[in-house]
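Written below as structure tokens is the structure these notes are about.
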Amino acid sequence: MGERGRGFTTRAQAKLWSVYSRCYDGLLDLVPYQRLVAQVVDALEARPGDTVVDLGCGTGNTIHALVAAVPDLQVTGVDSSVDMLGVAGPKLAAADVELVRSDLLDWLRSAPSDSVDRVVSVNVLYTMHAADREVFWREAVRILRPEGRLVVVTTDREGVGPVIREHFAERSFVASFSFRLVAVLVMNMVIWAMEARRVFDPASETTLRQE
Ligand SMILES: C[S@@+](CC[C@H](N)C(=O)[O-])C[C@H]1O[C@@H](n2cnc3c(N)ncnc32)[C@H](O)[C@@H]1O
């Protein structure tokens with residue numbers, strides 16, 4: 001991708017996350033998203049006192065569930081969107097959490113080796129192209145302590161589609177209706193459109209496993 005293409009991608013993503021921050025927590029109305037957050041907390045197997053970083057923490061939903069489940073964690077949430085962090089801040093005010101506005105690759109590059117017990121990143125990797133993912137894997141592993149754990153969740157081209165289908169298989173539309181949920185569906189149509197423009201280019205599971 002050329003310099004112009006990269007500039008467009010960066011600006012388009014920044015705009016997307018800014019707008020999406022206004023309704024993002026509509027995802028919390030979806031049963032599969034609630035389950036996903038709980039599964040991520042379980043998979044992390046964090047222990048009291050652990051140092052944890054959430055890369056692309058968004059509105060802080062993973063951190064919120066994690067600090068409720070495990071005491072005395074030292075958590076850093078990193079996100080490039082000031083608007084996403086603006087929603088996360090009040091939600092996490094009662095917890096001892098540091099929120100950092102930064103590109104996550106820049107943050108990773110500047111973090112010391114062997115300094116973190118748990119690294120988590122949920123639904124962020126699909127926004128990165130292959131060269132950036134290479135940096136992501138290498139740096140995330142570098143900063144982890146020897147007994148550390150990395151939990152990454154991402155999505156494929158179907159995006160939030162399967163999540164919505166799973167939700168409505170269990171809950172009626174009327175019982176689920178909320179304006180923020182409708183807004184989430186609209187935002188995901190925007191994300192699909194951005195995939196068509198290659199702003200996002202989700203990798204297949206095979207590719208990710210090879211990486
Ligand atoms: C789909 S949201 C996921 C938020 C959160 N992890 C969750 O699961 O609810 C993607 C988040 O990643 C952030 N993000 C995307 N690319 C980033 C980057 N290169 N550096 C930092 N944050 C990034 C966006 O600002 C957005 O908040």
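If you're wondering about the labels, chains in the structure tokens are A, B, ... by order shown, residues count from 1 in each chain, ligands from 1 in order shown.
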
| query | Neighbours of ligand 1 within 8 Å, counting only C-alpha atoms and all ligand atoms, as an NGL selection string? | reply | :A and (13-14 or 17-18 or 21 or 24-25 or 37 or 54-62 or 78-82 or 84-85 or 101-106 or 121-125 or 127-128)

Might you pull out every residue within 12 Å of A:Gly159, with only C-alpha atoms counted and same-chain residues fewer than 4 positions away left off, and present them as a compact mmCIF listing (two decimals) with C-alpha atoms, in the first residue's frame?
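Saved the output as part_27.txt:
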```txt
# COMPACT_ATOMS: atom_id res chain seq x y z
CA ASN A 123 -11.36 -7.64 17.90
CA VAL A 124 -8.45 -5.46 16.86
CA TYR A 126 -8.62 -7.65 11.79
CA THR A 127 -7.86 -3.94 11.40
CA THR A 154 -10.34 -11.51 16.03
CA THR A 155 -12.99 -11.81 13.37
CA VAL A 163 -22.79 -13.01 16.61
CA ILE A 164 -26.07 -11.37 15.64
CA ARG A 165 -27.48 -14.62 14.26
CA VAL A 184 -24.11 -1.22 16.18
CA LEU A 185 -25.67 -3.07 13.23
CA MET A 187 -21.71 0.51 12.13
CA ASN A 188 -20.95 -3.05 11.16
CA MET A 189 -22.37 -2.41 7.71
CA VAL A 190 -19.88 0.46 7.51
CA ILE A 191 -17.08 -1.95 8.52
CA TRP A 192 -18.14 -4.38 5.75
CA ALA A 193 -18.02 -1.47 3.29
CA MET A 194 -14.53 -0.61 4.53
CA GLU A 195 -13.46 -4.19 3.92
CA PHE A 200 -9.71 -3.71 6.64
CA ASP A 201 -8.50 -7.01 5.28
CA PRO A 202 -9.20 -9.74 7.86
CA ALA A 203 -6.81 -12.68 7.58
```

| query | So which bits of stretch 5-198 of chain A end up strand (DSSP E) when you DSSP the backbone, as JSON, numbers by chain? | reply | {"A": [51, 52, 53, 54, 55, 74, 75, 76, 77, 78, 79, 97, 98, 99, 100, 101, 116, 117, 118, 119, 120, 121, 122, 144, 145, 146, 147, 148, 149, 150, 151, 152, 153]}

| task | Give the answer as one residue: which of A:Ile143, A:Ala12, A:Leu181, A:Leu92 has the shortest atom-to-atom distance to A:Val160, using only C-alpha atoms? | result |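 Ranked by minimum distance to A:Val160, first place goes to A:Leu181.
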
| Which residue of A:Thr206, A:Asp96, A:Ala130, A:Gly26 approaches A:Val52 most closely, using only C-alpha atoms | A:Asp96

| said: I'd like to know which of A:Ser204, A:Leu66, A:Val19, A:Thr10 is closest to A:Glu158, using only C-alpha atoms. | reply: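 With only C-alpha atoms as the atom set, the closest residue is A:Ser204.
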
| message | From the options A:Val174, A:Phe136, A:Val116, A:Gly86, which residue's atoms come nearest to A:Leu99, counting only C-alpha atoms? | response |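 Checking each of A:Val174, A:Phe136, A:Val116, A:Gly86 against A:Leu99, counting only C-alpha atoms, the winner is A:Gly86.
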
Please return as a PDB file with C-alpha atoms, in the first residue's frame: the residues of chain A that backbone DSSP assigns to helix (DSSP H, G or I).
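This went into result12.pdb:
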```
ATOM      1  CA  GLU A   3       1.705   6.495   1.301  1.00  0.00           C
ATOM      2  CA  ARG A   4      -1.636   7.936   0.087  1.00  0.00           C
ATOM      3  CA  GLY A   5      -3.409   4.622   0.652  1.00  0.00           C
ATOM      4  CA  ARG A   6      -1.983   4.362   4.175  1.00  0.00           C
ATOM      5  CA  GLY A   7      -3.060   7.936   4.933  1.00  0.00           C
ATOM      6  CA  PHE A   8      -6.620   7.191   3.778  1.00  0.00           C
ATOM      7  CA  THR A   9      -6.713   3.995   5.840  1.00  0.00           C
ATOM      8  CA  THR A  10      -5.516   5.754   9.001  1.00  0.00           C
ATOM      9  CA  ARG A  11      -7.987   8.630   8.619  1.00  0.00           C
ATOM     10  CA  ALA A  12     -10.905   6.323   7.775  1.00  0.00           C
ATOM     11  CA  GLN A  13     -10.189   4.114  10.798  1.00  0.00           C
ATOM     12  CA  ALA A  14      -9.846   7.093  13.138  1.00  0.00           C
ATOM     13  CA  LYS A  15     -13.220   8.416  11.980  1.00  0.00           C
ATOM     14  CA  LEU A  16     -14.843   5.007  12.298  1.00  0.00           C
ATOM     15  CA  TRP A  17     -13.733   4.488  15.907  1.00  0.00           C
ATOM     16  CA  SER A  18     -14.727   8.029  16.831  1.00  0.00           C
ATOM     17  CA  VAL A  19     -18.283   7.547  15.529  1.00  0.00           C
ATOM     18  CA  TYR A  20     -18.549   3.955  16.747  1.00  0.00           C
ATOM     19  CA  TYR A  24     -20.180   0.704  20.774  1.00  0.00           C
ATOM     20  CA  ASP A  25     -21.539  -0.550  24.079  1.00  0.00           C
ATOM     21  CA  GLY A  26     -24.689  -1.625  22.252  1.00  0.00           C
ATOM     22  CA  LEU A  27     -22.627  -4.802  21.796  1.00  0.00           C
ATOM     23  CA  LEU A  28     -23.164  -5.430  25.513  1.00  0.00           C
ATOM     24  CA  ASP A  29     -26.832  -6.089  24.645  1.00  0.00           C
ATOM     25  CA  VAL A  31     -25.557 -12.405  24.502  1.00  0.00           C
ATOM     26  CA  PRO A  32     -22.608 -13.774  22.420  1.00  0.00           C
ATOM     27  CA  TYR A  33     -20.568 -10.617  23.119  1.00  0.00           C
ATOM     28  CA  GLN A  34     -21.230 -10.986  26.860  1.00  0.00           C
ATOM     29  CA  ARG A  35     -20.093 -14.617  26.571  1.00  0.00           C
ATOM     30  CA  LEU A  36     -17.026 -13.619  24.588  1.00  0.00           C
ATOM     31  CA  VAL A  37     -15.898 -11.164  27.253  1.00  0.00           C
ATOM     32  CA  ALA A  38     -16.367 -13.838  29.933  1.00  0.00           C
ATOM     33  CA  GLN A  39     -14.434 -16.400  27.857  1.00  0.00           C
ATOM     34  CA  VAL A  40     -11.563 -13.960  27.358  1.00  0.00           C
ATOM     35  CA  VAL A  41     -11.362 -13.344  31.114  1.00  0.00           C
ATOM     36  CA  ASP A  42     -11.276 -17.126  31.714  1.00  0.00           C
ATOM     37  CA  ALA A  43      -8.684 -17.717  28.981  1.00  0.00           C
ATOM     38  CA  LEU A  44      -6.366 -15.076  30.425  1.00  0.00           C
ATOM     39  CA  ASN A  61     -15.350  -3.905  28.428  1.00  0.00           C
ATOM     40  CA  THR A  62     -12.690  -6.614  28.773  1.00  0.00           C
ATOM     41  CA  ILE A  63     -10.824  -4.673  31.461  1.00  0.00           C
ATOM     42  CA  HIS A  64     -14.082  -3.985  33.314  1.00  0.00           C
ATOM     43  CA  ALA A  65     -14.892  -7.707  33.493  1.00  0.00           C
ATOM     44  CA  LEU A  66     -11.293  -8.659  34.295  1.00  0.00           C
ATOM     45  CA  VAL A  67     -10.828  -6.339  37.276  1.00  0.00           C
ATOM     46  CA  ALA A  68     -14.190  -7.490  38.654  1.00  0.00           C
ATOM     47  CA  ALA A  69     -12.988 -11.113  38.467  1.00  0.00           C
ATOM     48  CA  VAL A  82      -9.623   9.371  22.322  1.00  0.00           C
ATOM     49  CA  ASP A  83     -13.387   8.895  21.982  1.00  0.00           C
ATOM     50  CA  MET A  84     -13.258   5.175  22.803  1.00  0.00           C
ATOM     51  CA  LEU A  85     -11.061   5.976  25.826  1.00  0.00           C
ATOM     52  CA  GLY A  86     -13.538   8.703  26.783  1.00  0.00           C
ATOM     53  CA  VAL A  87     -16.190   6.004  27.255  1.00  0.00           C
ATOM     54  CA  ALA A  88     -13.747   3.644  29.013  1.00  0.00           C
ATOM     55  CA  GLY A  89     -12.558   6.251  31.549  1.00  0.00           C
ATOM     56  CA  PRO A  90     -15.721   6.662  33.667  1.00  0.00           C
ATOM     57  CA  LYS A  91     -16.493   2.933  33.390  1.00  0.00           C
ATOM     58  CA  LEU A 104      -0.654  -0.076  19.941  1.00  0.00           C
ATOM     59  CA  LEU A 105       2.383  -0.955  17.807  1.00  0.00           C
ATOM     60  CA  ASP A 106       4.181   2.190  19.027  1.00  0.00           C
ATOM     61  CA  TRP A 107       3.267   1.281  22.601  1.00  0.00           C
ATOM     62  CA  LEU A 108       4.513  -2.294  22.147  1.00  0.00           C
ATOM     63  CA  ARG A 109       7.820  -1.171  20.624  1.00  0.00           C
ATOM     64  CA  SER A 110       8.506   1.108  23.590  1.00  0.00           C
ATOM     65  CA  LEU A 125      -6.219  -7.731  14.760  1.00  0.00           C
ATOM     66  CA  TYR A 126      -8.621  -7.648  11.785  1.00  0.00           C
ATOM     67  CA  THR A 127      -7.857  -3.942  11.402  1.00  0.00           C
ATOM     68  CA  ALA A 130       0.133  -8.498   7.368  1.00  0.00           C
ATOM     69  CA  ALA A 131       3.212  -6.319   7.951  1.00  0.00           C
ATOM     70  CA  ASP A 132       1.678  -4.777  11.068  1.00  0.00           C
ATOM     71  CA  ARG A 133       0.511  -8.163  12.341  1.00  0.00           C
ATOM     72  CA  GLU A 134       4.108  -9.384  12.099  1.00  0.00           C
ATOM     73  CA  VAL A 135       5.202  -6.554  14.409  1.00  0.00           C
ATOM     74  CA  PHE A 136       2.220  -7.243  16.681  1.00  0.00           C
ATOM     75  CA  TRP A 137       3.062 -10.950  17.225  1.00  0.00           C
ATOM     76  CA  ARG A 138       6.796 -10.342  17.631  1.00  0.00           C
ATOM     77  CA  GLU A 139       6.477  -7.448  20.077  1.00  0.00           C
ATOM     78  CA  ALA A 140       3.615  -8.941  22.091  1.00  0.00           C
ATOM     79  CA  VAL A 141       5.678 -12.077  22.706  1.00  0.00           C
ATOM     80  CA  ARG A 142       8.806 -10.022  23.474  1.00  0.00           C
ATOM     81  CA  ILE A 143       7.141  -8.043  26.288  1.00  0.00           C
ATOM     82  CA  GLY A 161     -22.868 -11.340  11.481  1.00  0.00           C
ATOM     83  CA  PRO A 162     -22.575 -14.735  13.226  1.00  0.00           C
ATOM     84  CA  VAL A 163     -22.787 -13.012  16.614  1.00  0.00           C
ATOM     85  CA  ILE A 164     -26.071 -11.368  15.638  1.00  0.00           C
ATOM     86  CA  ARG A 165     -27.479 -14.616  14.256  1.00  0.00           C
ATOM     87  CA  GLU A 166     -26.491 -16.443  17.473  1.00  0.00           C
ATOM     88  CA  HIS A 167     -28.142 -13.738  19.561  1.00  0.00           C
ATOM     89  CA  PHE A 168     -31.452 -13.813  17.672  1.00  0.00           C
ATOM     90  CA  ALA A 169     -31.490 -17.608  17.800  1.00  0.00           C
ATOM     91  CA  GLU A 170     -31.848 -17.181  21.583  1.00  0.00           C
ATOM     92  CA  PHE A 173     -36.061  -9.044  18.280  1.00  0.00           C
ATOM     93  CA  VAL A 174     -38.653  -7.195  20.369  1.00  0.00           C
ATOM     94  CA  ALA A 175     -37.001  -8.152  23.672  1.00  0.00           C
ATOM     95  CA  SER A 176     -33.591  -7.172  22.274  1.00  0.00           C
ATOM     96  CA  PHE A 179     -31.365   2.093  19.592  1.00  0.00           C
ATOM     97  CA  ARG A 180     -27.713   1.478  20.430  1.00  0.00           C
ATOM     98  CA  LEU A 181     -28.007  -2.094  19.133  1.00  0.00           C
ATOM     99  CA  VAL A 182     -29.488  -0.847  15.864  1.00  0.00           C
ATOM    100  CA  ALA A 183     -26.605   1.648  15.679  1.00  0.00           C
ATOM    101  CA  VAL A 184     -24.110  -1.223  16.185  1.00  0.00           C
ATOM    102  CA  LEU A 185     -25.671  -3.070  13.233  1.00  0.00           C
ATOM    103  CA  VAL A 186     -25.338   0.051  11.078  1.00  0.00           C
ATOM    104  CA  MET A 187     -21.705   0.513  12.132  1.00  0.00           C
ATOM    105  CA  ASN A 188     -20.955  -3.054  11.158  1.00  0.00           C
ATOM    106  CA  MET A 189     -22.374  -2.415   7.711  1.00  0.00           C
ATOM    107  CA  VAL A 190     -19.877   0.455   7.506  1.00  0.00           C
ATOM    108  CA  ILE A 191     -17.081  -1.955   8.516  1.00  0.00           C
ATOM    109  CA  TRP A 192     -18.141  -4.384   5.752  1.00  0.00           C
ATOM    110  CA  ALA A 193     -18.016  -1.470   3.290  1.00  0.00           C
ATOM    111  CA  MET A 194     -14.527  -0.612   4.534  1.00  0.00           C
ATOM    112  CA  GLU A 195     -13.456  -4.192   3.924  1.00  0.00           C
ATOM    113  CA  ALA A 196     -14.572  -3.822   0.332  1.00  0.00           C
ATOM    114  CA  GLU A 205      -7.787 -18.528  10.407  1.00  0.00           C
ATOM    115  CA  THR A 206      -5.181 -20.580   8.484  1.00  0.00           C
ATOM    116  CA  THR A 207      -3.036 -17.489   7.899  1.00  0.00           C
ATOM    117  CA  LEU A 208      -3.294 -16.415  11.518  1.00  0.00           C
ATOM    118  CA  ARG A 209      -2.346 -19.886  12.773  1.00  0.00           C
ATOM    119  CA  GLN A 210       0.709 -19.887  10.485  1.00  0.00           C
TER     120      GLN A 210
END
```
